[in-house]
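Chemist: Compact mmCIF, C-alpha atoms and all ligand atoms, file target-v1.txt:
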```txt
# COMPACT_ATOMS: atom_id res chain seq x y z
CA MET A 1065 0.00 0.00 0.00
CA ILE A 1066 2.95 2.28 0.64
CA GLU A 1067 3.88 1.95 -3.04
CA VAL A 1068 0.42 3.08 -4.17
CA ALA A 1069 0.47 5.99 -1.72
CA LYS A 1070 3.87 7.06 -3.03
CA LYS A 1071 2.67 6.88 -6.66
CA TRP A 1072 -0.49 8.78 -5.69
CA ARG A 1073 1.59 11.59 -4.18
CA THR A 1074 3.90 11.73 -7.20
CA LEU A 1075 0.96 12.04 -9.60
CA ALA A 1076 -0.83 14.55 -7.37
CA ASP A 1077 2.30 16.72 -7.26
CA ILE A 1078 2.54 16.69 -11.07
CA LYS A 1079 -1.17 17.49 -11.32
CA ASP A 1080 -0.65 20.51 -9.04
CA GLU A 1081 2.23 21.73 -11.21
CA LEU A 1082 0.18 21.46 -14.42
CA ALA A 1083 -2.84 23.02 -12.69
CA ALA A 1084 -0.65 25.98 -11.70
CA ARG A 1085 -0.16 26.56 -15.46
CA ASP A 1086 -3.95 26.47 -15.85
CA TRP A 1087 -3.64 23.44 -18.14
CA PHE A 1088 -6.92 21.85 -16.94
CA PRO A 1089 -9.64 24.18 -18.28
CA GLY A 1090 -13.22 22.99 -17.77
CA THR A 1091 -12.31 19.67 -16.05
CA SER A 1092 -10.31 18.67 -19.13
CA GLY A 1093 -7.15 16.58 -18.89
CA ASN A 1094 -6.27 13.25 -17.35
CA LEU A 1095 -3.14 11.77 -15.80
CA SER A 1096 -2.05 8.29 -14.83
CA ILE A 1097 0.87 6.44 -13.21
CA ARG A 1098 1.65 2.74 -13.52
CA VAL A 1099 1.49 0.86 -10.21
CA ARG A 1100 2.08 -2.73 -11.34
CA GLU A 1101 3.60 -4.25 -14.44
CA ASP A 1102 1.92 -7.63 -14.54
CA PRO A 1103 -0.98 -7.65 -14.30
CA LEU A 1104 -1.02 -4.03 -15.43
CA THR A 1105 -2.62 -1.75 -12.84
CA PHE A 1106 -2.41 2.02 -12.72
CA LEU A 1107 -3.77 5.06 -10.94
CA VAL A 1108 -5.81 7.35 -13.21
CA THR A 1109 -7.66 10.60 -12.63
CA ALA A 1110 -11.33 10.25 -11.83
CA SER A 1111 -13.56 11.42 -14.68
CA GLY A 1112 -15.16 14.86 -14.78
CA LYS A 1113 -13.40 16.27 -11.75
CA ASP A 1114 -11.80 19.70 -11.47
CA LYS A 1115 -8.12 18.74 -11.75
CA ARG A 1116 -7.09 22.04 -10.20
CA LYS A 1117 -8.27 20.80 -6.82
CA ARG A 1118 -6.34 18.30 -4.66
CA THR A 1119 -8.71 15.87 -2.95
CA GLU A 1120 -8.82 12.29 -1.64
CA GLU A 1121 -10.86 11.37 -4.71
CA ASP A 1122 -8.53 12.58 -7.45
CA PHE A 1123 -7.45 9.14 -8.62
CA LEU A 1124 -8.58 5.54 -8.63
CA LEU A 1125 -6.76 2.27 -9.21
CA VAL A 1126 -7.76 0.45 -12.40
CA ASP A 1127 -6.84 -2.79 -14.16
CA GLN A 1128 -5.43 -3.30 -17.68
CA ASP A 1129 -8.89 -2.72 -19.15
CA GLY A 1130 -9.45 0.48 -17.20
CA ASN A 1131 -11.93 -1.13 -14.80
CA PRO A 1132 -11.86 0.18 -11.22
CA LEU A 1133 -10.23 -2.15 -8.68
CA GLY A 1134 -11.90 -2.24 -5.27
CA ASN A 1135 -15.11 -0.66 -4.19
CA THR A 1136 -15.43 2.91 -5.47
CA HIS A 1137 -18.14 5.28 -6.67
CA LEU A 1138 -15.55 7.04 -8.82
CA LYS A 1139 -15.52 6.67 -12.60
CA ALA A 1140 -12.17 6.36 -14.36
CA SER A 1141 -11.24 8.99 -16.94
CA ALA A 1142 -13.21 8.66 -20.17
CA GLU A 1143 -9.80 8.35 -21.86
CA VAL A 1144 -8.52 5.54 -19.60
CA GLY A 1145 -8.33 3.28 -22.67
CA ILE A 1146 -5.68 5.54 -24.19
CA HIS A 1147 -3.58 5.29 -21.04
CA ALA A 1148 -3.96 1.48 -20.98
CA GLU A 1149 -2.94 1.29 -24.65
CA ILE A 1150 0.20 3.33 -23.99
CA TYR A 1151 1.19 1.16 -21.01
CA ARG A 1152 0.55 -2.00 -23.04
CA ARG A 1153 2.70 -0.82 -25.96
CA THR A 1154 5.53 1.06 -24.24
CA GLY A 1155 7.61 0.92 -21.09
CA ALA A 1156 6.01 4.14 -19.92
CA THR A 1157 5.28 4.55 -16.22
CA CYS A 1158 3.34 7.82 -16.52
CA CYS A 1159 0.94 9.37 -19.08
CA LEU A 1160 -0.18 13.01 -19.13
CA HIS A 1161 -3.03 14.49 -21.19
CA VAL A 1162 -3.86 18.20 -21.31
CA HIS A 1163 -5.93 20.54 -23.45
CA THR A 1164 -4.18 23.86 -24.03
CA LEU A 1165 -4.92 26.62 -26.50
CA ASP A 1166 -1.51 26.12 -28.09
CA ASN A 1167 -1.85 22.35 -28.59
CA ASN A 1168 -5.36 22.80 -30.00
CA LEU A 1169 -4.21 25.55 -32.39
CA ILE A 1170 -1.15 23.67 -33.64
CA SER A 1171 -3.24 20.51 -34.15
CA GLU A 1172 -5.68 22.47 -36.32
CA LEU A 1173 -2.99 24.36 -38.26
CA TYR A 1174 -1.27 21.13 -39.32
CA ALA A 1175 -4.14 18.61 -39.22
CA SER A 1176 -4.09 18.17 -43.02
CA GLU A 1177 -0.45 17.05 -42.85
CA GLY A 1178 -1.23 14.53 -40.11
CA ARG A 1179 1.88 15.52 -38.17
CA VAL A 1180 3.97 18.51 -37.23
CA THR A 1181 7.77 18.49 -37.10
CA PHE A 1182 10.03 21.00 -35.38
CA CYS A 1183 13.74 21.69 -35.79
CA GLY A 1184 16.22 24.45 -34.96
CA GLN A 1185 15.07 24.80 -31.35
CA GLU A 1186 17.35 24.17 -28.37
CA LEU A 1187 14.47 22.59 -26.47
CA ILE A 1188 14.45 19.66 -28.91
CA LYS A 1189 17.31 18.38 -26.75
CA ALA A 1190 14.65 17.66 -24.07
CA PHE A 1191 13.72 14.66 -26.24
CA GLY A 1192 17.32 13.39 -26.17
CA ILE A 1193 17.93 14.65 -29.73
CA TRP A 1194 21.27 16.43 -29.77
CA GLU A 1195 22.24 16.44 -33.46
CA GLU A 1196 22.95 19.84 -35.01
CA ASP A 1197 19.69 19.88 -37.02
CA GLY A 1198 17.77 17.45 -34.87
CA GLU A 1199 14.01 17.24 -35.42
CA ILE A 1200 11.05 16.15 -33.31
CA SER A 1201 7.81 15.10 -34.90
CA ILE A 1202 4.38 14.48 -33.37
CA PRO A 1203 1.44 12.85 -35.16
CA ILE A 1204 -1.99 14.49 -35.26
CA ILE A 1205 -5.02 12.17 -35.20
CA PRO A 1206 -8.74 12.90 -35.64
CA ASN A 1207 -10.75 13.53 -32.49
CA TYR A 1208 -12.95 10.46 -32.82
CA ALA A 1209 -16.05 10.58 -30.59
CA ASP A 1210 -15.70 6.81 -30.28
CA LEU A 1211 -13.10 6.54 -27.51
CA ASP A 1212 -12.34 2.89 -28.27
CA LEU A 1213 -11.46 3.94 -31.81
CA LEU A 1214 -9.34 6.77 -30.43
CA SER A 1215 -7.47 4.31 -28.17
CA LYS A 1216 -6.97 1.91 -31.09
CA GLU A 1217 -5.50 4.78 -33.14
CA PHE A 1218 -2.98 5.37 -30.35
CA GLY A 1219 -2.19 1.66 -30.36
CA SER A 1220 -1.58 1.47 -34.09
CA LEU A 1221 0.64 4.57 -34.09
CA LEU A 1222 2.68 3.11 -31.21
CA LEU A 1223 2.99 -0.17 -33.08
CA GLN A 1224 4.44 1.73 -36.05
CA ASP A 1225 6.72 3.88 -33.91
CA PRO A 1226 7.25 2.76 -30.29
CA LEU A 1227 9.67 5.69 -29.85
CA LEU A 1228 6.93 8.30 -30.20
CA LYS A 1229 7.02 10.87 -27.38
CA GLY A 1230 3.46 12.13 -27.73
CA ILE A 1231 0.34 12.27 -29.90
CA LEU A 1232 -1.87 15.27 -30.70
CA ILE A 1233 -5.63 14.78 -30.98
CA ARG A 1234 -7.04 17.42 -33.34
CA ASN A 1235 -8.81 20.29 -31.56
CA HIS A 1236 -8.68 18.27 -28.37
CA GLY A 1237 -5.28 17.96 -26.68
CA ILE A 1238 -1.97 16.19 -26.36
CA THR A 1239 -0.98 13.00 -24.59
CA THR A 1240 2.65 12.39 -23.66
CA TRP A 1241 4.26 9.59 -21.68
CA GLY A 1242 7.67 8.69 -20.29
CA ALA A 1243 9.77 6.03 -18.62
CA THR A 1244 9.46 8.16 -15.48
CA PRO A 1245 6.89 10.79 -14.38
CA LEU A 1246 9.60 13.45 -14.72
CA GLU A 1247 10.30 12.38 -18.31
CA ALA A 1248 6.60 12.49 -19.21
CA LYS A 1249 6.36 15.99 -17.76
CA LYS A 1250 9.57 17.05 -19.53
CA TYR A 1251 8.17 15.93 -22.89
CA LEU A 1252 4.85 17.65 -22.24
CA GLU A 1253 6.55 20.93 -21.30
CA ALA A 1254 8.91 20.76 -24.30
CA PHE A 1255 6.07 20.11 -26.76
CA GLU A 1256 3.97 22.91 -25.31
CA PHE A 1257 6.97 25.30 -25.55
CA LEU A 1258 7.50 24.39 -29.23
CA PHE A 1259 3.78 24.86 -29.99
CA SER A 1260 3.67 28.22 -28.21
CA TYR A 1261 6.89 29.48 -29.84
CA HIS A 1262 5.71 28.53 -33.30
CA ILE A 1263 2.25 30.06 -32.95
CA LYS A 1264 3.65 33.34 -31.65
CA LEU A 1265 6.30 33.45 -34.39
CA ARG A 1266 3.60 33.01 -37.03
CA LEU A 1267 1.60 35.83 -35.48
CA LEU A 1268 4.62 38.13 -35.32
CA GLN A 1269 5.97 37.27 -38.77
CA PRO A 1270 3.01 36.01 -40.86
CA ASN A 1271 4.94 36.46 -44.13
CA LEU A 1272 7.40 33.85 -42.89
CA TYR A 1273 4.77 31.20 -43.50
CA ALA A 1274 3.29 32.28 -46.80
CA LYS A 1275 2.42 28.64 -47.59
CA TRP A 1276 0.96 26.71 -44.64
CA GLY A 1277 3.21 23.96 -43.41
CA GLU A 1278 6.26 25.31 -45.19
CA ASP A 1279 9.05 27.07 -43.40
CA VAL A 1280 11.52 29.54 -44.86
CA HIS A 1281 13.38 26.66 -46.49
CA GLY A 1282 10.35 25.36 -48.36
CA THR A 1283 10.34 22.11 -46.37
CA ASN A 1284 7.38 21.07 -44.31
CA THR A 1285 9.53 21.03 -41.22
CA ILE A 1286 8.94 24.01 -39.00
CA SER A 1287 12.22 25.59 -38.10
CA SER A 1288 12.84 28.69 -36.11
CA TYR A 1289 13.65 31.59 -38.40
CA ARG A 1290 17.35 31.59 -39.09
C1 LIG B 1 -14.46 18.60 -20.67
S1 LIG B 1 -13.13 17.85 -21.46
C2 LIG B 1 -13.92 16.47 -22.25
C3 LIG B 1 -13.27 15.14 -21.81
C4 LIG B 1 -11.77 15.16 -22.07
O1 LIG B 1 -11.33 15.33 -23.23
C5 LIG B 1 -10.82 15.07 -20.97
O2 LIG B 1 -9.62 15.19 -21.22
C6 LIG B 1 -11.27 14.86 -19.57
O3 LIG B 1 -12.06 13.71 -19.47
P1 LIG B 1 -12.03 12.89 -18.08
O4 LIG B 1 -13.07 11.83 -18.25
O5 LIG B 1 -10.65 12.34 -17.92
O6 LIG B 1 -12.37 13.88 -16.99
ZN ZN B 2 -9.15 15.11 -23.33
```
Represent the structure of the file as structure tokens.
Modeler:
Amino acid sequence: MIEVAKKWRTLADIKDELAARDWFPGTSGNLSIRVREDPLTFLVTASGKDKRKRTEEDFLLVDQDGNPLGNTHLKASAEVGIHAEIYRRTGATCCLHVHTLDNNLISELYASEGRVTFCGQELIKAFGIWEEDGEISIPIIPNYADLDLLSKEFGSLLLQDPLLKGILIRNHGITTWGATPLEAKKYLEAFEFLFSYHIKLRLLQPNLYAKWGEDVHGTNTISSYR
């Protein structure tokens, strides 16, 4: 039980940090932390709650199918299937999902390309990419109303590329994950920085992006203006 309590505190502390950035508008967002490998069990945010508050009912323990373990009136996040899919397909121990203006805008701006790729930013090193012109790419998937379909889409993308660091859901939000809670948070913060930087640059220098999706070098990789 001590292990679960420790994981609970770790996740609650991360939730407080993300809440301090106001990244949980309108009860949106969900977080989880793996408790057991086999059988898979994890703590996940309870559905529909204000994630800016810290209460005794913030999380519940669920099994590999997202079903609550033990006697609880709480309902697991509507997106618990996405978290389960990520744990099944990766070695992640923590998954974070937030809806921000920046991640919604970037997902809409580049939805037709199905992904957005960044290069020329120092923060790309947060993903462990240190090459001179290193790039980080994130897929953008449709915001299916059918949450099983949405989870399956995560699963098939992870099957194709198990090294993915996050997935954008169009006009919905981002989900990132990591081998540790700190890594998941690092990836989330780095992606949100890249989204915010790019959106502001486009607003400040609209001529820089005459053709959507093309940067100054005519590629469809977004690079900071050199
Ligand atoms: C009001 S946001 C709609 C649901 C959603 O996208 C989300 O991230 C929060 O859902 P949950 O069931 O985890 O509260
Ligand atoms: Zn969501």
Chemist: So what do you get for atom CA of Leu1232 of chain A versus atom CA of Pro1132 of chain A, distance-wise?
Modeler: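 It comes out at 26.6 Å.
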Chemist: Excluding same-chain residues fewer than 2 positions from Gly1242 of chain A, what lies within 7 Å of it counting all atoms listed in the file, as a compact mmCIF listing (two decimals) with C-alpha atoms, in the coordinates of the input?
Modeler:
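So out.txt came out as:
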```txt
# COMPACT_ATOMS: atom_id res chain seq x y z
CA ALA A 1156 6.01 4.14 -19.92
CA THR A 1157 5.28 4.55 -16.22
CA CYS A 1158 3.34 7.82 -16.52
CA CYS A 1159 0.94 9.37 -19.08
CA THR A 1244 9.46 8.16 -15.48
CA PRO A 1245 6.89 10.79 -14.38
CA GLU A 1247 10.30 12.38 -18.31
CA ALA A 1248 6.60 12.49 -19.21
```
Chemist: Residues at most 7 Å from segment 1259-1267 of chain A, counting only C-alpha atoms, excluding those fewer than 4 positions away in the same chain, as a PyMOL selection string?
Modeler: chain A and resi 1166-1167+1170+1255+1273
Chemist: In Å, rounded to a single decimal, give me how far atom CA of Leu1107 of chain A is from atom CA of Leu1082 of chain A.
Modeler: 17.2 Å
Chemist: Can you work out the spacing between atom CA of Leu1104 of chain A and atom CA of Asp1225 of chain A in Å, to one decimal?
Modeler: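 Here the two named atoms are 21.5 Å from each other.
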Chemist: Can I get the residues close to ligand ZN 2 (chain B) as JSON, numbers by chain, where close means within 9 Å and we count all atoms listed in the file?
Modeler: {"A": [1092, 1093, 1094, 1142, 1143, 1161, 1162, 1163, 1233, 1236, 1237, 1238, 1239]}
Chemist: Using 6 Å of padding on each side, determine the axis-aligned box around all atoms of ligand LIG 1 (chain B) present in the file and give its centre and edge lengths in Å to one decimal, as lines of an AutoDock Vina configuration file.
Modeler:
```
center_x = -12.0
center_y = 15.2
center_z = -20.1
size_x = 16.8
size_y = 18.8
size_z = 18.2
```
Chemist: Counting all atoms listed in the file, name the residues that have an atom within 12 Å of an atom of ligand LIG 1 (chain B); the answer should be given as a VMD selection string.
Modeler: chain A and resid 1087 to 1096 1108 to 1116 1122 to 1124 1130 1138 to 1147 1160 to 1164 1168 1207 to 1211 1214 1233 to 1239
Chemist: I need the residues from that last selection saved to file as a CSV table (one decimal), keeping the file's coordinate frame (with C-alpha atoms), if you can.
Modeler:
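Writing done, so here's result38.csv:
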```
chain,number,residue,atom,x,y,z
A,1087,TRP,CA,-3.6,23.4,-18.1
A,1088,PHE,CA,-6.9,21.8,-16.9
A,1089,PRO,CA,-9.6,24.2,-18.3
A,1090,GLY,CA,-13.2,23.0,-17.8
A,1091,THR,CA,-12.3,19.7,-16.0
A,1092,SER,CA,-10.3,18.7,-19.1
A,1093,GLY,CA,-7.2,16.6,-18.9
A,1094,ASN,CA,-6.3,13.2,-17.4
A,1095,LEU,CA,-3.1,11.8,-15.8
A,1096,SER,CA,-2.0,8.3,-14.8
A,1108,VAL,CA,-5.8,7.4,-13.2
A,1109,THR,CA,-7.7,10.6,-12.6
A,1110,ALA,CA,-11.3,10.2,-11.8
A,1111,SER,CA,-13.6,11.4,-14.7
A,1112,GLY,CA,-15.2,14.9,-14.8
A,1113,LYS,CA,-13.4,16.3,-11.8
A,1114,ASP,CA,-11.8,19.7,-11.5
A,1115,LYS,CA,-8.1,18.7,-11.8
A,1116,ARG,CA,-7.1,22.0,-10.2
A,1122,ASP,CA,-8.5,12.6,-7.4
A,1123,PHE,CA,-7.4,9.1,-8.6
A,1124,LEU,CA,-8.6,5.5,-8.6
A,1130,GLY,CA,-9.4,0.5,-17.2
A,1138,LEU,CA,-15.6,7.0,-8.8
A,1139,LYS,CA,-15.5,6.7,-12.6
A,1140,ALA,CA,-12.2,6.4,-14.4
A,1141,SER,CA,-11.2,9.0,-16.9
A,1142,ALA,CA,-13.2,8.7,-20.2
A,1143,GLU,CA,-9.8,8.4,-21.9
A,1144,VAL,CA,-8.5,5.5,-19.6
A,1145,GLY,CA,-8.3,3.3,-22.7
A,1146,ILE,CA,-5.7,5.5,-24.2
A,1147,HIS,CA,-3.6,5.3,-21.0
A,1160,LEU,CA,-0.2,13.0,-19.1
A,1161,HIS,CA,-3.0,14.5,-21.2
A,1162,VAL,CA,-3.9,18.2,-21.3
A,1163,HIS,CA,-5.9,20.5,-23.4
A,1164,THR,CA,-4.2,23.9,-24.0
A,1168,ASN,CA,-5.4,22.8,-30.0
A,1207,ASN,CA,-10.8,13.5,-32.5
A,1208,TYR,CA,-13.0,10.5,-32.8
A,1209,ALA,CA,-16.0,10.6,-30.6
A,1210,ASP,CA,-15.7,6.8,-30.3
A,1211,LEU,CA,-13.1,6.5,-27.5
A,1214,LEU,CA,-9.3,6.8,-30.4
A,1233,ILE,CA,-5.6,14.8,-31.0
A,1234,ARG,CA,-7.0,17.4,-33.3
A,1235,ASN,CA,-8.8,20.3,-31.6
A,1236,HIS,CA,-8.7,18.3,-28.4
A,1237,GLY,CA,-5.3,18.0,-26.7
A,1238,ILE,CA,-2.0,16.2,-26.4
A,1239,THR,CA,-1.0,13.0,-24.6
```
Chemist: For Val1068 of chain A, work out the shell of residues within 12 Å, counting all atoms listed in the file and skipping chain neighbours fewer than 6 positions away, then give it as a PDB file with C-alpha atoms, in the frame of the given file.
Modeler:
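So out-v2.pdb came out as:
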```pdb
ATOM      1  CA  THR A1074       3.900  11.730  -7.200  1.00  0.00           C
ATOM      2  CA  LEU A1075       0.960  12.040  -9.600  1.00  0.00           C
ATOM      3  CA  ALA A1076      -0.830  14.550  -7.370  1.00  0.00           C
ATOM      4  CA  ILE A1097       0.870   6.440 -13.210  1.00  0.00           C
ATOM      5  CA  ARG A1098       1.650   2.740 -13.520  1.00  0.00           C
ATOM      6  CA  VAL A1099       1.490   0.860 -10.210  1.00  0.00           C
ATOM      7  CA  ARG A1100       2.080  -2.730 -11.340  1.00  0.00           C
ATOM      8  CA  THR A1105      -2.620  -1.750 -12.840  1.00  0.00           C
ATOM      9  CA  PHE A1106      -2.410   2.020 -12.720  1.00  0.00           C
ATOM     10  CA  LEU A1107      -3.770   5.060 -10.940  1.00  0.00           C
ATOM     11  CA  VAL A1108      -5.810   7.350 -13.210  1.00  0.00           C
ATOM     12  CA  PHE A1123      -7.450   9.140  -8.620  1.00  0.00           C
ATOM     13  CA  LEU A1124      -8.580   5.540  -8.630  1.00  0.00           C
ATOM     14  CA  LEU A1125      -6.760   2.270  -9.210  1.00  0.00           C
ATOM     15  CA  VAL A1126      -7.760   0.450 -12.400  1.00  0.00           C
TER      16      VAL A1126
END
```
Chemist: Just checking: using all atoms listed in the file, which residue out of A:Glu1253, A:Glu1217, A:Glu1186, A:Glu1196 ends up closest to Lys1229 of chain A?
Modeler: A:Glu1253
Chemist: Between A:Ile1231, A:Ala1190, A:Cys1183, A:Ile1066, which one has atoms that come closest to Pro1203 of chain A, using all atoms listed in the file?
Modeler: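 Using all atoms listed in the file, the shortest distance to Pro1203 of chain A belongs to A:Ile1231.
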Chemist: Taking (0.4, 11.6, -43.2) as a centre in this file's frame and 9 Å as the limit, can you find every polymer residue with an atom that close, using only C-alpha atoms, and give them as a PyMOL selection string?
Modeler: chain A and resi 1176-1179+1203-1204
Chemist: Go through A:Asp1129, A:Glu1256, A:Asp1080, A:Glu1067 one by one, measure the shortest atom-to-atom distance of each to Ile1188 of chain A using all atoms listed in the file, and give the residue with the smallest value.
Modeler: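 Using all atoms listed in the file, the shortest distance to Ile1188 of chain A belongs to A:Glu1256.
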